[in-house]
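Beneath this line is the structure, given in structure tokens, with notes to follow.
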Amino acid sequence: MMTQLLSYIVWNPDLEAFHLGPMTVRWYGLMWIIGLALAYLVVKRLYKEQKIKDELFDPLFIYCFFGILIGARLGHCIFYQPQDFLTSWQGFVEMLLPIHFLPEGGWKLTGYAGLASHGGTLGLMIALWLYVRKTKLSIWTVLDNIAIATGMTACFIRLGNLMNSEIQMCPGLLSSRKSMLYLVIQDNSTRPSPMRFSSLSCGSSINVCLRRSAQAGTSASV
């Protein structure tokens, strides 16, 4: 039954979601944008509930956005493709700017084709440290709020990995029946596993939200 259901899934979808004039929007970039947008809305509401001044929220978004973007881009270029980005001046420019130099001369706008989530995590940690130093807010309050949004963002980033057919399972792990999210098919070939990571990330955010609601209800009753 499960094998039949999985056969309806397109495992190698088109990388491109849609076009905006000459610009191509890929699924991976779109998932990043959706994840960050949801994080923005969630944390903004948390700040409002906690009666934290609005002028302290806008810097948080700016710090996090640039911290994640710079960290994710540098993480991909340095960890995965240093031979392409660190060996020539053109590669260095492509690492910093969303362009690609053409072999016949000139360049074209491509967007950032390569973002590493773990690099973005490191960039986020540095950005939060700078934000807390500037605003003098409690580090634990900031981290508590960010933790709720992080799972949602990670969920969509992993969906972006799925659309790129990335992060495939090793055949030895496919024999496990502990989770239906280890995608096993008849020929025992590998299948992308980001759905498992996406579900865990989303579940972690939901769990934190439920625990916060339960704690708030307990405090109100007391």
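The way I read the labels, and the way they are meant: chains A, B, ... in the order of the structure tokens, residue 1 as the first residue of every chain, and ligand 1 as the first ligand shown, with later ones counted on from there.
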Residue neighbourhood segment 56-66 of chain A, 12 Å, only C-alpha atoms, exclusion window fewer than 5 positions, as an MDAnalysis selection string: chainID A and resid 32:33 35:48 50:51 71:74 120:137 142:143 145:146 149:150
Shell of 10 Å around Phe18 of chain A, only C-alpha atoms, local chain residues under 6 positions omitted, as a list in words: Thr24, Val25, Arg26, Trp27 and Leu30 of chain A
Residues from the last selection, all heavy atoms, saved as an mmCIF file, in the first residue's frame:
```cif
data_model
loop_
_atom_site.group_PDB
_atom_site.id
_atom_site.type_symbol
_atom_site.label_atom_id
_atom_site.label_comp_id
_atom_site.auth_asym_id
_atom_site.auth_seq_id
_atom_site.Cartn_x
_atom_site.Cartn_y
_atom_site.Cartn_z
ATOM 1 N N THR A 24 14.126 33.822 -12.662
ATOM 2 C CA THR A 24 13.571 32.513 -12.337
ATOM 3 C C THR A 24 13.545 32.312 -10.832
ATOM 4 O O THR A 24 14.553 32.549 -10.157
ATOM 5 C CB THR A 24 14.413 31.390 -12.975
ATOM 6 O OG1 THR A 24 14.372 31.532 -14.394
ATOM 7 C CG2 THR A 24 13.868 30.022 -12.592
ATOM 8 N N VAL A 25 12.405 31.938 -10.290
ATOM 9 C CA VAL A 25 12.265 31.674 -8.857
ATOM 10 C C VAL A 25 12.276 30.168 -8.659
ATOM 11 O O VAL A 25 11.411 29.457 -9.186
ATOM 12 C CB VAL A 25 10.963 32.276 -8.297
ATOM 13 C CG1 VAL A 25 10.824 31.944 -6.810
ATOM 14 C CG2 VAL A 25 10.942 33.779 -8.517
ATOM 15 N N ARG A 26 13.270 29.684 -7.915
ATOM 16 C CA ARG A 26 13.367 28.246 -7.659
ATOM 17 C C ARG A 26 12.633 27.872 -6.375
ATOM 18 O O ARG A 26 12.430 28.696 -5.492
ATOM 19 C CB ARG A 26 14.841 27.833 -7.548
ATOM 20 C CG ARG A 26 15.619 28.002 -8.839
ATOM 21 C CD ARG A 26 16.954 27.306 -8.753
ATOM 22 N NE ARG A 26 17.651 27.298 -10.032
ATOM 23 C CZ ARG A 26 18.723 26.565 -10.281
ATOM 24 N NH1 ARG A 26 19.228 25.771 -9.334
ATOM 25 N NH2 ARG A 26 19.306 26.610 -11.468
ATOM 26 N N TRP A 27 12.244 26.593 -6.314
ATOM 27 C CA TRP A 27 11.530 26.108 -5.138
ATOM 28 C C TRP A 27 12.341 26.305 -3.861
ATOM 29 O O TRP A 27 11.792 26.656 -2.813
ATOM 30 C CB TRP A 27 11.199 24.625 -5.303
ATOM 31 C CG TRP A 27 10.069 24.346 -6.222
ATOM 32 C CD1 TRP A 27 10.125 23.811 -7.482
ATOM 33 C CD2 TRP A 27 8.675 24.607 -5.970
ATOM 34 N NE1 TRP A 27 8.876 23.719 -8.030
ATOM 35 C CE2 TRP A 27 7.953 24.199 -7.119
ATOM 36 C CE3 TRP A 27 7.974 25.149 -4.890
ATOM 37 C CZ2 TRP A 27 6.577 24.314 -7.210
ATOM 38 C CZ3 TRP A 27 6.597 25.255 -4.987
ATOM 39 C CH2 TRP A 27 5.917 24.840 -6.123
ATOM 40 N N LEU A 30 12.214 29.835 -2.769
ATOM 41 C CA LEU A 30 10.848 30.140 -2.351
ATOM 42 C C LEU A 30 10.558 29.583 -0.968
ATOM 43 O O LEU A 30 9.910 30.239 -0.136
ATOM 44 C CB LEU A 30 9.869 29.564 -3.370
ATOM 45 C CG LEU A 30 8.383 29.833 -3.120
ATOM 46 C CD1 LEU A 30 8.097 31.329 -3.146
ATOM 47 C CD2 LEU A 30 7.521 29.117 -4.165
#
```
Selected residue of minimal separation from Ser138 of chain A among A:Ile157, A:Ala113, A:Ile52, A:Ile99, counting only C-alpha atoms: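 Using only C-alpha atoms, Ser138 of chain A sits closest to A:Ile52.
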Selection: 6 Å around Met31 of chain A, only C-alpha atoms, excl. self and same-chain fewer than 2 positions, as a PyMOL selection string: chain A and resi 28-29+33-34+156-157+160
Take the residues from that selection and write them out as a PDB file, in the first residue's frame, keeping all heavy atoms.
```pdb
ATOM      1  N   TYR A  28      13.654  26.076  -3.951  1.00  0.00           N
ATOM      2  CA  TYR A  28      14.480  26.157  -2.752  1.00  0.00           C
ATOM      3  C   TYR A  28      14.468  27.574  -2.181  1.00  0.00           C
ATOM      4  O   TYR A  28      14.270  27.773  -0.980  1.00  0.00           O
ATOM      5  CB  TYR A  28      15.907  25.727  -3.094  1.00  0.00           C
ATOM      6  CG  TYR A  28      16.809  25.596  -1.894  1.00  0.00           C
ATOM      7  CD1 TYR A  28      16.519  24.697  -0.880  1.00  0.00           C
ATOM      8  CD2 TYR A  28      17.963  26.368  -1.769  1.00  0.00           C
ATOM      9  CE1 TYR A  28      17.343  24.561   0.221  1.00  0.00           C
ATOM     10  CE2 TYR A  28      18.793  26.236  -0.675  1.00  0.00           C
ATOM     11  CZ  TYR A  28      18.482  25.337   0.322  1.00  0.00           C
ATOM     12  OH  TYR A  28      19.302  25.216   1.407  1.00  0.00           O
ATOM     13  N   GLY A  29      14.670  28.563  -3.053  1.00  0.00           N
ATOM     14  CA  GLY A  29      14.629  29.945  -2.594  1.00  0.00           C
ATOM     15  C   GLY A  29      13.250  30.335  -2.091  1.00  0.00           C
ATOM     16  O   GLY A  29      13.114  31.075  -1.102  1.00  0.00           O
ATOM     17  N   ILE A  33      12.095  31.790   1.638  1.00  0.00           N
ATOM     18  CA  ILE A  33      11.320  33.019   1.839  1.00  0.00           C
ATOM     19  C   ILE A  33      10.083  32.751   2.687  1.00  0.00           C
ATOM     20  O   ILE A  33       9.759  33.509   3.618  1.00  0.00           O
ATOM     21  CB  ILE A  33      10.919  33.624   0.477  1.00  0.00           C
ATOM     22  CG1 ILE A  33      12.168  34.116  -0.263  1.00  0.00           C
ATOM     23  CG2 ILE A  33       9.925  34.760   0.657  1.00  0.00           C
ATOM     24  CD1 ILE A  33      11.899  34.577  -1.676  1.00  0.00           C
ATOM     25  N   ILE A  34       9.365  31.670   2.385  1.00  0.00           N
ATOM     26  CA  ILE A  34       8.166  31.330   3.159  1.00  0.00           C
ATOM     27  C   ILE A  34       8.525  31.057   4.614  1.00  0.00           C
ATOM     28  O   ILE A  34       7.850  31.523   5.541  1.00  0.00           O
ATOM     29  CB  ILE A  34       7.446  30.117   2.542  1.00  0.00           C
ATOM     30  CG1 ILE A  34       6.890  30.476   1.163  1.00  0.00           C
ATOM     31  CG2 ILE A  34       6.326  29.623   3.457  1.00  0.00           C
ATOM     32  CD1 ILE A  34       6.266  29.309   0.427  1.00  0.00           C
ATOM     33  N   PHE A 156      10.422  24.383   6.240  1.00  0.00           N
ATOM     34  CA  PHE A 156      10.316  24.785   4.841  1.00  0.00           C
ATOM     35  C   PHE A 156      11.652  24.676   4.123  1.00  0.00           C
ATOM     36  O   PHE A 156      11.681  24.401   2.910  1.00  0.00           O
ATOM     37  CB  PHE A 156       9.748  26.204   4.751  1.00  0.00           C
ATOM     38  CG  PHE A 156       8.264  26.249   4.933  1.00  0.00           C
ATOM     39  CD1 PHE A 156       7.711  26.461   6.185  1.00  0.00           C
ATOM     40  CD2 PHE A 156       7.418  26.058   3.853  1.00  0.00           C
ATOM     41  CE1 PHE A 156       6.335  26.485   6.363  1.00  0.00           C
ATOM     42  CE2 PHE A 156       6.042  26.084   4.014  1.00  0.00           C
ATOM     43  CZ  PHE A 156       5.499  26.291   5.268  1.00  0.00           C
ATOM     44  N   ILE A 157      12.758  24.879   4.841  1.00  0.00           N
ATOM     45  CA  ILE A 157      14.060  24.702   4.209  1.00  0.00           C
ATOM     46  C   ILE A 157      14.245  23.251   3.782  1.00  0.00           C
ATOM     47  O   ILE A 157      14.755  22.950   2.698  1.00  0.00           O
ATOM     48  CB  ILE A 157      15.182  25.140   5.161  1.00  0.00           C
ATOM     49  CG1 ILE A 157      15.142  26.659   5.340  1.00  0.00           C
ATOM     50  CG2 ILE A 157      16.554  24.706   4.630  1.00  0.00           C
ATOM     51  CD1 ILE A 157      16.127  27.180   6.370  1.00  0.00           C
ATOM     52  N   GLY A 160      12.440  22.569   0.785  1.00  0.00           N
ATOM     53  CA  GLY A 160      13.239  23.038  -0.335  1.00  0.00           C
ATOM     54  C   GLY A 160      14.281  22.019  -0.744  1.00  0.00           C
ATOM     55  O   GLY A 160      14.532  21.804  -1.935  1.00  0.00           O
TER      56      GLY A 160
END
```
Computed interatomic separation between atom CA of Thr110 of chain A and atom CA of Pro98 of chain A (Å): 5.7 Å
